[in-house]
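Text of run21.json, listed as JSON, C-alpha atoms:
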```json
[["chain", "number", "residue", "atom", "x", "y", "z"],
["X", 783, "ARG", "CA", 12.71, 16.15, -3.68],
["X", 784, "ALA", "CA", 13.64, 13.60, -6.31],
["X", 785, "SER", "CA", 12.17, 14.75, -9.61],
["X", 786, "ALA", "CA", 10.80, 12.32, -12.19],
["X", 787, "ALA", "CA", 13.81, 13.09, -14.40],
["X", 788, "THR", "CA", 16.19, 12.32, -11.54],
["X", 789, "VAL", "CA", 14.40, 9.04, -10.88],
["X", 790, "ARG", "CA", 14.65, 7.99, -14.52],
["X", 791, "GLN", "CA", 18.33, 8.90, -14.62],
["X", 792, "HIS", "CA", 18.96, 7.04, -11.37],
["X", 793, "CYS", "CA", 17.31, 3.91, -12.78],
["X", 794, "ALA", "CA", 19.19, 4.22, -16.07],
["X", 795, "GLU", "CA", 22.48, 4.46, -14.19],
["X", 796, "GLY", "CA", 21.72, 1.30, -12.29],
["X", 797, "GLY", "CA", 20.75, 3.09, -9.10],
["X", 798, "PHE", "CA", 18.05, 0.52, -8.42],
["X", 799, "ASP", "CA", 17.42, -2.96, -9.75],
["X", 800, "LEU", "CA", 13.72, -3.79, -9.91],
["X", 801, "ASP", "CA", 14.59, -7.45, -10.53],
["X", 802, "ARG", "CA", 16.48, -7.82, -7.28],
["X", 803, "LYS", "CA", 14.96, -10.02, -4.58],
["X", 804, "PRO", "CA", 14.46, -8.21, -1.26],
["X", 805, "ASN", "CA", 14.89, -9.96, 2.06],
["X", 806, "ARG", "CA", 11.68, -11.65, 3.16],
["X", 807, "ASN", "CA", 10.76, -13.09, 6.53],
["X", 808, "VAL", "CA", 7.77, -15.40, 6.95],
["X", 809, "ASP", "CA", 6.63, -16.65, 10.34],
["X", 810, "ALA", "CA", 6.11, -20.38, 9.82],
["X", 811, "ARG", "CA", 3.40, -20.52, 12.48],
["X", 812, "THR", "CA", 1.28, -17.45, 11.73],
["X", 813, "GLY", "CA", 2.20, -16.64, 8.13],
["X", 814, "ALA", "CA", 3.15, -13.10, 9.17],
["X", 815, "LEU", "CA", 5.21, -11.54, 6.40],
["X", 816, "GLU", "CA", 7.86, -8.83, 6.44],
["X", 817, "ILE", "CA", 9.73, -7.61, 3.36],
["X", 818, "PHE", "CA", 12.64, -5.36, 4.18],
["X", 819, "ALA", "CA", 13.58, -2.17, 2.35],
["X", 820, "SER", "CA", 16.55, 0.05, 3.10],
["X", 821, "SER", "CA", 15.36, 2.99, 5.20],
["X", 822, "ASP", "CA", 18.23, 5.13, 3.88],
["X", 823, "ALA", "CA", 17.30, 4.33, 0.29],
["X", 824, "LEU", "CA", 13.64, 5.15, 1.00],
["X", 825, "MET", "CA", 14.68, 8.55, 2.34],
["X", 826, "GLN", "CA", 16.72, 9.19, -0.80],
["X", 827, "TRP", "CA", 13.73, 8.50, -3.03],
["X", 828, "VAL", "CA", 11.15, 10.16, -0.76],
["X", 829, "PRO", "CA", 13.04, 12.81, 1.27],
["X", 830, "LYS", "CA", 9.90, 14.11, 2.99],
["X", 831, "PHE", "CA", 9.03, 10.70, 4.42],
["X", 832, "ASP", "CA", 9.00, 11.00, 8.22],
["X", 833, "ARG", "CA", 11.83, 8.85, 9.59],
["X", 834, "GLY", "CA", 9.61, 7.39, 12.28],
["X", 835, "LEU", "CA", 7.14, 6.24, 9.63],
["X", 836, "VAL", "CA", 9.95, 4.94, 7.42],
["X", 837, "ALA", "CA", 10.98, 2.62, 10.26],
["X", 838, "LEU", "CA", 7.48, 1.10, 10.12],
["X", 839, "TRP", "CA", 6.95, 1.04, 6.37],
["X", 840, "CYS", "CA", 10.36, -0.38, 5.45],
["X", 841, "ARG", "CA", 9.10, -3.76, 6.74],
["X", 842, "LEU", "CA", 5.50, -3.86, 5.50],
["X", 843, "PRO", "CA", 4.74, -5.93, 2.39],
["X", 844, "ILE", "CA", 3.05, -3.91, -0.36],
["X", 845, "PHE", "CA", 0.35, -5.77, -2.25],
["X", 846, "LYS", "CA", -1.24, -3.01, -4.35],
["X", 847, "ALA", "CA", -0.40, 0.36, -5.88],
["X", 848, "ARG", "CA", -3.10, 2.71, -7.14],
["X", 849, "LEU", "CA", -1.94, 5.49, -9.47],
["X", 850, "PHE", "CA", -3.71, 8.81, -10.00],
["X", 851, "ARG", "CA", -3.11, 11.73, -12.34],
["X", 852, "ASN", "CA", -2.72, 14.05, -9.36],
["X", 853, "ARG", "CA", -3.83, 14.61, -5.79],
["X", 854, "GLU", "CA", -7.00, 16.36, -6.91],
["X", 855, "ALA", "CA", -8.17, 13.26, -8.81],
["X", 856, "TYR", "CA", -7.78, 11.21, -5.64],
["X", 857, "ASN", "CA", -9.52, 13.81, -3.49],
["X", 858, "GLN", "CA", -12.47, 14.00, -5.85],
["X", 859, "GLY", "CA", -12.96, 10.33, -6.65],
["X", 860, "GLY", "CA", -11.26, 8.37, -3.90],
["X", 861, "LEU", "CA", -9.59, 5.04, -4.58],
["X", 862, "ASP", "CA", -11.95, 4.27, -7.46],
["X", 863, "ARG", "CA", -10.55, 7.23, -9.44],
["X", 864, "CYS", "CA", -7.17, 5.57, -10.06],
["X", 865, "TYR", "CA", -6.16, 5.04, -13.69],
["X", 866, "VAL", "CA", -3.85, 2.11, -12.87],
["X", 867, "GLU", "CA", -4.30, -0.53, -10.20],
["X", 868, "GLN", "CA", -1.19, -2.68, -9.93],
["X", 869, "ALA", "CA", -1.27, -5.82, -7.80],
["X", 870, "PHE", "CA", 1.83, -7.40, -6.28],
["X", 871, "PRO", "CA", 0.46, -10.88, -5.45],
["X", 872, "GLU", "CA", 3.48, -12.06, -3.46],
["X", 873, "GLY", "CA", 4.15, -8.67, -1.91],
["X", 874, "GLU", "CA", 6.96, -6.21, -2.58],
["X", 875, "ASP", "CA", 8.98, -3.94, -0.36],
["X", 876, "LEU", "CA", 7.86, -0.31, -0.40],
["X", 877, "LEU", "CA", 11.02, 0.89, -2.12],
["X", 878, "THR", "CA", 10.47, -1.42, -5.08],
["X", 879, "ALA", "CA", 6.84, -0.30, -5.36],
["X", 880, "ILE", "CA", 7.79, 3.39, -5.21],
["X", 881, "VAL", "CA", 10.48, 3.07, -7.88],
["X", 882, "TRP", "CA", 8.07, 1.08, -10.08],
["X", 883, "TRP", "CA", 5.67, 4.04, -9.81],
["X", 884, "ARG", "CA", 8.21, 6.84, -10.22],
["X", 885, "LYS", "CA", 9.47, 5.31, -13.46],
["X", 886, "ARG", "CA", 5.94, 5.91, -14.78],
["X", 887, "VAL", "CA", 5.62, 9.52, -13.62],
["X", 888, "GLY", "CA", 5.64, 12.00, -16.50],
["X", 889, "ARG", "CA", 8.33, 14.56, -17.15],
["X", 890, "ASP", "CA", 6.19, 17.21, -15.47],
["X", 891, "SER", "CA", 6.60, 15.27, -12.20],
["X", 892, "VAL", "CA", 2.84, 15.20, -11.62],
["X", 893, "GLY", "CA", 1.36, 12.06, -10.16],
["X", 894, "PHE", "CA", -0.13, 10.64, -7.00],
["X", 895, "ALA", "CA", 0.04, 7.10, -5.65],
["X", 896, "VAL", "CA", -1.58, 5.08, -2.89],
["X", 897, "PHE", "CA", 0.34, 2.04, -1.69],
["X", 898, "GLU", "CA", -1.61, -0.60, 0.22],
["X", 899, "ALA", "CA", 0.09, -3.04, 2.55],
["X", 900, "GLY", "CA", -0.79, -6.32, 4.19],
["X", 901, "PHE", "CA", 0.37, -8.34, 7.14],
["X", 902, "ASP", "CA", 0.84, -11.93, 6.04],
["X", 903, "THR", "CA", 1.02, -14.36, 3.16],
["X", 904, "SER", "CA", -2.76, -14.15, 2.66],
["X", 905, "GLY", "CA", -2.10, -10.95, 0.72],
["X", 906, "LEU", "CA", -3.98, -7.67, 0.71],
["X", 907, "PRO", "CA", -6.72, -7.47, 3.36],
["X", 908, "LEU", "CA", -10.08, -7.39, 1.59],
["X", 909, "ALA", "CA", -12.63, -7.49, 4.39],
["X", 910, "THR", "CA", -10.76, -4.94, 6.49],
["X", 911, "GLU", "CA", -8.94, -1.72, 5.63],
["X", 912, "PRO", "CA", -5.26, -2.15, 4.71],
["X", 913, "PRO", "CA", -2.46, 0.17, 5.86],
["X", 914, "ARG", "CA", -2.02, 2.94, 3.30],
["X", 915, "CYS", "CA", 0.83, 5.21, 2.27],
["X", 916, "LEU", "CA", 0.01, 8.19, 0.02],
["X", 917, "ILE", "CA", 2.73, 10.01, -1.93],
["X", 918, "ASP", "CA", 2.43, 13.11, -4.12],
["X", 919, "ALA", "CA", 5.12, 13.23, -6.83],
["X", 920, "GLU", "CA", 4.55, 16.95, -7.42],
["X", 921, "THR", "CA", 5.12, 18.12, -3.85],
["X", 922, "GLY", "CA", 6.96, 15.14, -2.38],
["X", 923, "GLU", "CA", 4.50, 15.10, 0.52],
["X", 924, "VAL", "CA", 3.79, 11.77, 2.22],
["X", 925, "GLU", "CA", 0.79, 10.68, 4.28],
["X", 926, "ALA", "CA", 1.07, 7.24, 5.83],
["X", 927, "ASP", "CA", -0.56, 5.29, 8.60],
["X", 928, "GLY", "CA", 1.41, 5.44, 11.82],
["X", 929, "GLU", "CA", 2.05, 2.75, 14.39],
["X", 930, "ASP", "CA", -1.32, 3.01, 16.15],
["X", 931, "ALA", "CA", -3.31, 2.85, 12.92],
["X", 932, "ILE", "CA", -1.24, -0.04, 11.57],
["X", 933, "GLU", "CA", -1.62, -2.07, 14.75],
["X", 934, "ARG", "CA", -5.36, -1.38, 14.86],
["X", 935, "LYS", "CA", -5.71, -2.58, 11.27],
["X", 936, "ARG", "CA", -3.50, -5.59, 12.00],
["X", 937, "GLU", "CA", -5.75, -6.63, 14.88],
["X", 938, "LEU", "CA", -8.92, -6.20, 12.80],
["X", 939, "HIS", "CA", -7.35, -8.30, 10.05],
["X", 940, "ARG", "CA", -6.37, -11.00, 12.56],
["X", 941, "LYS", "CA", -9.90, -11.14, 13.98],
["X", 942, "ARG", "CA", -11.42, -11.27, 10.50],
["X", 943, "ARG", "CA", -9.17, -14.17, 9.50],
["X", 944, "ALA", "CA", -10.11, -16.01, 12.68],
["X", 945, "MET", "CA", -13.78, -15.46, 11.85],
["X", 946, "GLY", "CA", -13.18, -16.85, 8.37],
["X", 947, "ALA", "CA", -11.63, -19.97, 9.87],
["X", 948, "ARG", "CA", -14.69, -20.45, 12.09],
["X", 949, "TRP", "CA", -16.99, -20.03, 9.09],
["X", 950, "ALA", "CA", -15.01, -22.65, 7.20],
["X", 951, "ASP", "CA", -15.37, -25.04, 10.13],
["X", 952, "LYS", "CA", -19.13, -24.50, 9.96],
["X", 953, "GLY", "CA", -19.23, -25.34, 6.26],
["X", 954, "VAL", "CA", -19.43, -21.83, 4.77],
["X", 955, "SER", "CA", -17.96, -22.12, 1.28],
["X", 956, "ALA", "CA", -14.90, -20.17, 0.19],
["X", 957, "GLU", "CA", -16.98, -18.60, -2.60],
["X", 958, "LEU", "CA", -19.55, -17.27, -0.14],
["X", 959, "GLN", "CA", -16.81, -15.97, 2.15],
["X", 960, "GLN", "CA", -15.27, -14.11, -0.79],
["X", 961, "ARG", "CA", -18.62, -12.52, -1.65],
["X", 962, "ILE", "CA", -19.03, -11.42, 1.96],
["X", 963, "GLU", "CA", -15.49, -10.01, 2.01],
["X", 964, "ARG", "CA", -16.06, -8.06, -1.22],
["X", 965, "SER", "CA", -19.29, -6.64, 0.19],
["X", 966, "GLU", "CA", -17.57, -5.63, 3.42],
["X", 967, "ALA", "CA", -14.66, -4.06, 1.53],
["X", 968, "LEU", "CA", -17.09, -2.04, -0.61],
["X", 969, "GLY", "CA", -18.91, -0.85, 2.50],
["X", 970, "ALA", "CA", -15.64, 0.16, 4.15],
["X", 971, "GLU", "CA", -14.61, 2.17, 1.09],
["X", 972, "ARG", "CA", -17.99, 3.91, 0.96],
["X", 973, "ARG", "CA", -17.65, 4.85, 4.62],
["X", 974, "ARG", "CA", -14.11, 6.11, 4.03],
["X", 975, "ARG", "CA", -15.21, 8.23, 1.09],
["X", 976, "GLY", "CA", -18.08, 9.60, 3.13],
["X", 977, "GLU", "CA", -15.62, 10.70, 5.80],
["X", 978, "VAL", "CA", -13.44, 12.38, 3.16],
["X", 979, "TYR", "CA", -16.41, 14.25, 1.69],
["X", 980, "ALA", "CA", -17.51, 15.32, 5.19],
["X", 981, "LEU", "CA", -14.06, 16.74, 5.87],
["X", 982, "ARG", "CA", -14.03, 18.56, 2.54],
["X", 983, "GLY", "CA", -17.51, 19.96, 3.16]]
```
Encoded form (C-alpha cells):
Amino acid sequence: RASAATVRQHCAEGGFDLDRKPNRNVDARTGALEIFASSDALMQWVPKFDRGLVALWCRLPIFKARLFRNREAYNQGGLDRCYVEQAFPEGEDLLTAIVWWRKRVGRDSVGFAVFEAGFDTSGLPLATEPPRCLIDAETGEVEADGEDAIERKRELHRKRRAMGARWADKGVSAELQQRIERSEALGAERRRRGEVYALRG
C-alpha cells in the first residue's frame, strides 16, 4: 500500500496537482453530474480498491470527506466522531479527495476517512443517504458502496427531489424543506448507527 511518507513524497515530486481541474460532465436537462478520475491513478493511490468498484467511483462527484483518527474511532462513534469534516461544494473527483486526505495523514500512516458522494449539481444528498467510500490508511482496506447500493440511493435521491419540487409547488418554503431534510438526515444516521451497534453486539 502507499504509505503516508510515499504520498507526501509523490506530492512533493509533482505526482499529483491538487489545483488541476478534472473533467466534469453535467446533464443540462437533469443536472446529473459526473467528475472523472483516472482509474489507474486511483489504483496507484489505493491498491486494495476493487477494480469493479473503481469503475463506479471514478465517476462519482465527492461532496464531503470525514476524517477520523483511526477505524476504531469511526466504529465507536459513527460519522459524528470525525475530527474534520471537509465539504467540497462543487464536487471533486475521488482521486483529488483521497490525495487531499492522504497529505494530512501522520507519519505513522494511521487515519481513516469516509468519502460521501452525490449524483447531481444539487450537491450532497441530505434527506437521503449518500454513497459512501471508507478507506483505512493503516491497512489500505477499502469499503465502498457497489452498483446496487449506489443505484438504490440514486433512486431514493431522485424521488426525494421530486417530492421537494411538489412541496414547492404547494407553497412549502425552502426553509421548512431544509428543516425537514435535516430531521430526516438525522433520523437516517441514527438508524445507521443503530444497525452498526447491533452488528457489533
**OP:** Mind giving me the straight-line distance from CA of Glu874 (chain X) to CA of Pro804 (chain X) in Å, one decimal?
**Re:** 7.9 Å
Original post:
Between CA of Met825 (chain X) and CA of Cys840 (chain X), what is the distance, to one decimal in Å?
Top reply: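 Pair CA of Met825 (chain X) / CA of Cys840 (chain X) returns 10.4 Å.
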Subject >> Pairwise distance for CA of Asp822 (chain X) and CA of Leu877 (chain X), rounded to one decimal in Å >> reply: 10.3 Å
Subject >> Nearest-residue call for Thr878 (chain X), choices X:Gly953, X:Ala810, X:Glu937, X:Leu824, using all atoms listed in the file >> reply: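 Result for the nearest residue to Thr878 (chain X): X:Leu824.
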Enclosing box along x, y and z for every listed atom of region 926-932 of chain X, padded 5 Å each side, centre and size in Å, one decimal, as lines of an AutoDock Vina configuration file:
```
center_x = -0.6
center_y = 3.6
center_z = 11.0
size_x = 15.4
size_y = 17.3
size_z = 20.3
```
Subject >> 7 Å contact set for region 844-851 of chain X, all atoms listed in the file, chain neighbours under 3 positions out, as a VMD selection string >> reply: chain X and resid 855 to 856 864 to 871 873 to 876 892 to 900 905 to 906
Original post:
Which residue, X:Thr921, X:Ser891, X:Ser820, X:Thr812, has the smallest gap to Arg841 (chain X) when you use all atoms listed in the file?
Top reply: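 Between X:Thr921, X:Ser891, X:Ser820, X:Thr812, the residue approaching Arg841 (chain X) most closely is X:Ser820.
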